[in-house]
>>> print(open('coords.txt').read())   # compact mmCIF, C-alpha atoms
# COMPACT_ATOMS: atom_id res chain seq x y z
CA MET R 19 -20.40 -182.71 26.97
CA GLY R 20 -21.50 -186.07 25.58
CA ARG R 21 -21.53 -184.78 22.03
CA LEU R 22 -18.09 -183.21 22.42
CA SER R 23 -16.67 -186.43 23.90
CA LEU R 24 -18.08 -188.49 21.02
CA THR R 25 -16.59 -186.08 18.49
CA ALA R 26 -13.23 -186.16 20.26
CA VAL R 27 -13.23 -189.96 20.40
CA LEU R 28 -14.15 -190.30 16.72
CA GLY R 29 -11.53 -187.72 15.75
CA ALA R 30 -8.87 -189.51 17.77
CA ALA R 31 -9.91 -192.85 16.27
CA LEU R 32 -9.59 -191.48 12.76
CA LEU R 33 -6.28 -189.82 13.52
CA PHE R 34 -4.64 -192.62 15.48
CA GLY R 35 -6.69 -195.64 14.45
CA THR R 36 -5.82 -195.72 10.78
CA PRO R 37 -2.97 -197.99 9.82
CA VAL R 38 0.34 -196.26 9.47
CA HIS R 39 2.53 -197.48 6.65
CA ALA R 40 6.23 -196.98 6.66
CA GLN R 41 7.37 -194.80 3.87
CA GLN R 42 8.37 -197.00 1.00
CA GLN R 43 11.43 -195.99 -0.88
CA ALA R 44 10.99 -195.48 -4.57
CA PRO R 45 12.80 -198.18 -6.52
CA SER R 46 16.24 -197.09 -7.52
CA PRO R 47 16.65 -196.46 -11.22
CA PRO R 48 18.50 -199.11 -13.19
CA PRO R 49 22.17 -198.47 -13.78
CA PRO R 50 23.00 -196.76 -17.03
CA PRO R 51 23.97 -199.02 -19.91
CA PRO R 52 27.67 -199.40 -20.62
CA ALA R 53 29.36 -196.79 -22.77
CA TYR R 54 30.50 -197.49 -26.31
CA GLY R 55 34.10 -198.48 -26.92
CA ALA R 56 36.26 -198.97 -29.97
CA PRO R 57 34.34 -200.86 -32.67
CA ILE R 58 34.51 -204.63 -32.86
CA THR R 59 37.18 -205.99 -35.20
CA LEU R 60 36.51 -208.43 -38.00
CA GLU R 61 38.62 -210.99 -36.13
CA GLN R 62 36.47 -210.61 -32.99
CA ALA R 63 33.28 -210.82 -35.07
CA ARG R 64 34.46 -214.02 -36.73
CA ALA R 65 35.39 -215.52 -33.35
CA ALA R 66 31.90 -214.74 -32.04
CA ILE R 67 30.25 -216.34 -35.04
CA ALA R 68 32.46 -219.44 -34.81
CA ALA R 69 31.55 -219.94 -31.14
CA GLY R 70 27.86 -219.41 -31.86
CA GLN R 71 27.98 -221.86 -34.75
CA ALA R 72 29.63 -224.47 -32.52
CA GLU R 73 26.81 -224.11 -29.99
CA SER R 74 24.20 -224.36 -32.74
CA LYS R 75 25.82 -227.40 -34.33
CA LYS R 76 26.08 -229.14 -30.95
CA ASN R 77 22.31 -228.70 -30.51
CA GLY R 78 21.24 -229.34 -34.10
CA TRP R 79 20.04 -225.78 -34.77
CA ASN R 80 20.24 -223.96 -38.09
CA HIS R 81 21.09 -220.37 -37.26
CA VAL R 82 21.89 -217.11 -38.94
CA PHE R 83 24.49 -214.93 -37.19
CA ALA R 84 24.89 -211.18 -37.71
CA VAL R 85 27.55 -209.12 -35.96
CA VAL R 86 27.32 -205.32 -35.99
CA ASP R 87 29.44 -202.54 -34.55
CA GLY R 88 28.14 -200.18 -31.86
CA GLY R 89 26.28 -198.11 -34.44
CA GLY R 90 24.53 -201.11 -35.96
CA THR R 91 26.63 -201.43 -39.12
CA LEU R 92 27.01 -205.02 -40.30
CA ILE R 93 30.54 -206.36 -39.77
CA ALA R 94 30.14 -210.12 -40.31
CA PHE R 95 27.33 -212.46 -41.32
CA GLU R 96 26.92 -216.24 -41.62
CA LYS R 97 23.85 -218.28 -42.55
CA ALA R 98 23.56 -222.02 -42.03
CA ASP R 99 22.60 -223.85 -45.20
CA LEU R 100 19.23 -224.94 -43.80
CA ALA R 101 18.42 -221.71 -41.95
CA SER R 102 15.28 -219.89 -42.99
CA ASN R 103 15.74 -216.98 -45.38
CA SER R 104 13.61 -214.76 -43.13
CA SER R 105 16.12 -215.34 -40.31
CA SER R 106 18.71 -213.29 -42.20
CA GLU R 107 16.84 -210.03 -41.67
CA ILE R 108 15.71 -210.99 -38.18
CA ALA R 109 19.28 -211.71 -37.00
CA GLN R 110 20.46 -208.33 -38.29
CA ALA R 111 17.54 -206.54 -36.61
CA LYS R 112 18.25 -208.28 -33.30
CA ALA R 113 21.92 -207.29 -33.54
CA ARG R 114 21.04 -203.65 -34.28
CA THR R 115 18.60 -203.58 -31.34
CA ALA R 116 21.21 -204.99 -28.95
CA ALA R 117 23.86 -202.56 -30.19
CA THR R 118 21.83 -199.38 -30.19
CA PHE R 119 19.94 -200.02 -26.93
CA ARG R 120 22.95 -201.75 -25.29
CA VAL R 121 20.87 -204.51 -23.71
CA PRO R 122 20.03 -208.09 -24.72
CA THR R 123 16.86 -208.30 -26.77
CA LYS R 124 15.65 -210.88 -24.25
CA ALA R 125 15.12 -207.98 -21.85
CA TYR R 126 12.47 -206.58 -24.19
CA GLN R 127 10.91 -210.02 -24.69
CA ASP R 128 10.63 -210.41 -20.90
CA ARG R 129 9.17 -206.93 -20.45
CA LEU R 130 6.62 -207.53 -23.20
CA SER R 131 5.57 -210.86 -21.68
CA SER R 132 5.08 -209.14 -18.30
CA GLY R 133 2.58 -206.78 -19.90
CA GLU R 134 4.68 -203.79 -20.94
CA THR R 135 3.07 -203.54 -24.34
CA PHE R 136 4.53 -200.09 -24.99
CA ILE R 137 7.65 -202.02 -26.06
CA LEU R 138 5.86 -202.70 -29.35
CA GLY R 139 5.86 -198.99 -30.11
CA LEU R 140 9.59 -198.41 -29.61
CA SER R 141 11.22 -197.77 -32.95
CA GLY R 142 13.98 -200.23 -33.75
CA VAL R 143 13.24 -202.71 -30.97
CA VAL R 144 12.96 -206.42 -31.70
CA PRO R 145 11.36 -207.90 -28.55
CA ALA R 146 12.62 -211.44 -29.14
CA ALA R 147 15.61 -213.09 -27.48
CA GLY R 148 18.70 -213.67 -29.60
CA GLY R 149 20.40 -210.27 -29.72
CA MET R 150 23.19 -209.46 -27.28
CA PRO R 151 25.61 -206.57 -26.94
CA ILE R 152 29.27 -207.55 -27.06
CA ILE R 153 31.01 -205.90 -24.12
CA VAL R 154 34.79 -205.82 -23.74
CA GLY R 155 36.47 -203.89 -20.95
CA GLY R 156 33.08 -202.66 -19.73
CA LYS R 157 32.28 -201.03 -23.09
CA VAL R 158 29.95 -202.03 -25.91
CA ILE R 159 32.03 -202.75 -29.01
CA GLY R 160 29.22 -204.30 -31.05
CA ALA R 161 26.44 -206.85 -30.86
CA ILE R 162 25.37 -210.18 -32.26
CA GLY R 163 21.97 -211.21 -33.50
CA VAL R 164 21.00 -214.85 -33.84
CA SER R 165 17.87 -216.20 -35.51
CA GLY R 166 16.63 -219.54 -36.79
CA ALA R 167 15.39 -221.53 -33.80
CA THR R 168 13.25 -220.59 -30.79
CA PRO R 169 14.05 -217.24 -29.18
CA LEU R 170 15.60 -218.93 -26.14
CA GLN R 171 17.73 -221.19 -28.36
CA ASP R 172 18.77 -218.11 -30.31
CA HIS R 173 19.70 -216.46 -26.99
CA GLN R 174 21.73 -219.51 -25.93
CA ALA R 175 23.76 -219.40 -29.15
CA ALA R 176 24.24 -215.64 -28.76
CA GLU R 177 25.53 -216.12 -25.21
CA ALA R 178 28.10 -218.63 -26.47
CA ALA R 179 29.13 -216.21 -29.21
CA VAL R 180 29.56 -213.28 -26.84
CA ALA R 181 31.59 -215.38 -24.40
CA ALA R 182 34.18 -216.01 -27.13
CA VAL R 183 35.02 -212.33 -27.67
CA LYS R 184 37.92 -210.97 -25.69
>>> encode(input="coords.txt", output="structure tokens")
Amino acid sequence: MGRLSLTAVLGAALLFGTPVHAQQQAPSPPPPPPAYGAPITLEQARAAIAAGQAESKKNGWNHVFAVVDGGGTLIAFEKADLASNSSSEIAQAKARTAATFRVPTKAYQDRLSSGETFILGLSGVVPAAGGMPIIVGGKVIGAIGVSGATPLQDHQAAEAAVAAVK
């Protein structure tokens, strides 16, 4: 009887004595990116660049601005006189990333800095802030890429540019 009681006590302890964790819900998937709309107009692209340039000038930055449509085709481009030549290609690449993936390039910079190194293997992704989709009426009509200062300064100028498009 003693052996059976010990076995029963140990079995009960294992069954009831282990911590019980509430079932954790799996994180909900992120919402889908916005759909594409009618392509950005040249007038809208110029307004975005003008607003971005104003922000850059206010802060003493020398930026390159590239605006693309939803498919990544260049619509408008401006380069400050003192902006680096390499920033021309970088701005266009940031704009294409933001347009085709429909998220700010800062999202990829943040994910990379948190350890998601697979980002480096995604074709067409520039994981540096400064590219932003241009969304009007809940739809992506294009994107802007900004390069020439730090990534966060590029992002700040891109935010100002996007805010100007109606």
>>> residues_near_point(input="coords.txt", point="(22.1, -222.3, -41.1)", cutoff="6 Å", atoms="all atoms listed in the file", output="list in words")
Asn80, His81, Val82, Lys97, Ala98, Asp99, Leu100 and Ala101 of chain R
>>> residues_around(input="coords.txt", residues="Leu140 of chain R", least_positions_apart="5", cutoff="12 Å", atoms="only C-alpha atoms", output="list of chain:residue names")
R:Thr115, R:Phe119, R:Tyr126, R:Leu130, R:Glu134, R:Thr135, R:Pro145
>>> closest_residue(input="coords.txt", among="R:Ala117, R:Ile152, R:Ala109, R:Ile137", to="Gly166 of chain R", atoms="all atoms listed in the file")
R:Ala109
>>> closest_residue(input="coords.txt", among="R:Ala111, R:Val164, R:Ala53, R:Leu138", to="Ala66 of chain R", atoms="all atoms listed in the file")
R:Val164
>>> residues_around(input="coords.txt", residues="Ile153 of chain R", least_positions_apart="6", cutoff="12 Å", atoms="all atoms listed in the file", output="ChimeraX atom specification")
/R:51-58,62,66,87-88,116-117,120-122,159-162,177,179-184
>>> residues_around(input="coords.txt", residues="Ala146 of chain R", least_positions_apart="2", cutoff="7 Å", atoms="only C-alpha atoms", output="PyMOL selection string")
chain R and resi 123-124+126-127+144+148+169
>>> closest_residue(input="coords.txt", among="R:Arg129, R:Lys157, R:Lys76, R:Arg114", to="Ala175 of chain R", atoms="all atoms listed in the file")
R:Lys76
>>> atom_distance(input="coords.txt", atom1="atom CA of Pro151 of chain R", atom2="atom CA of Pro45 of chain R")
25.5 Å
>>> atom_distance(input="coords.txt", atom1="atom CA of Ala63 of chain R", atom2="atom CA of Ile108 of chain R")
17.8 Å
>>> atom_distance(input="coords.txt", atom1="atom CA of Ala65 of chain R", atom2="atom CA of Val86 of chain R")
13.3 Å
>>> closest_residue(input="coords.txt", among="R:Leu170, R:Ala69, R:Val158, R:Leu92", to="Thr118 of chain R", atoms="only C-alpha atoms")
R:Val158
>>> axis_aligned_box(input="coords.txt", around="segment 65-70 of chain R", padding_each_side="4 Å", output="JSON")
{"center_x": 31.6, "center_y": -217.3, "center_z": -33.1, "size_x": 15.5, "size_y": 13.2, "size_z": 11.9}
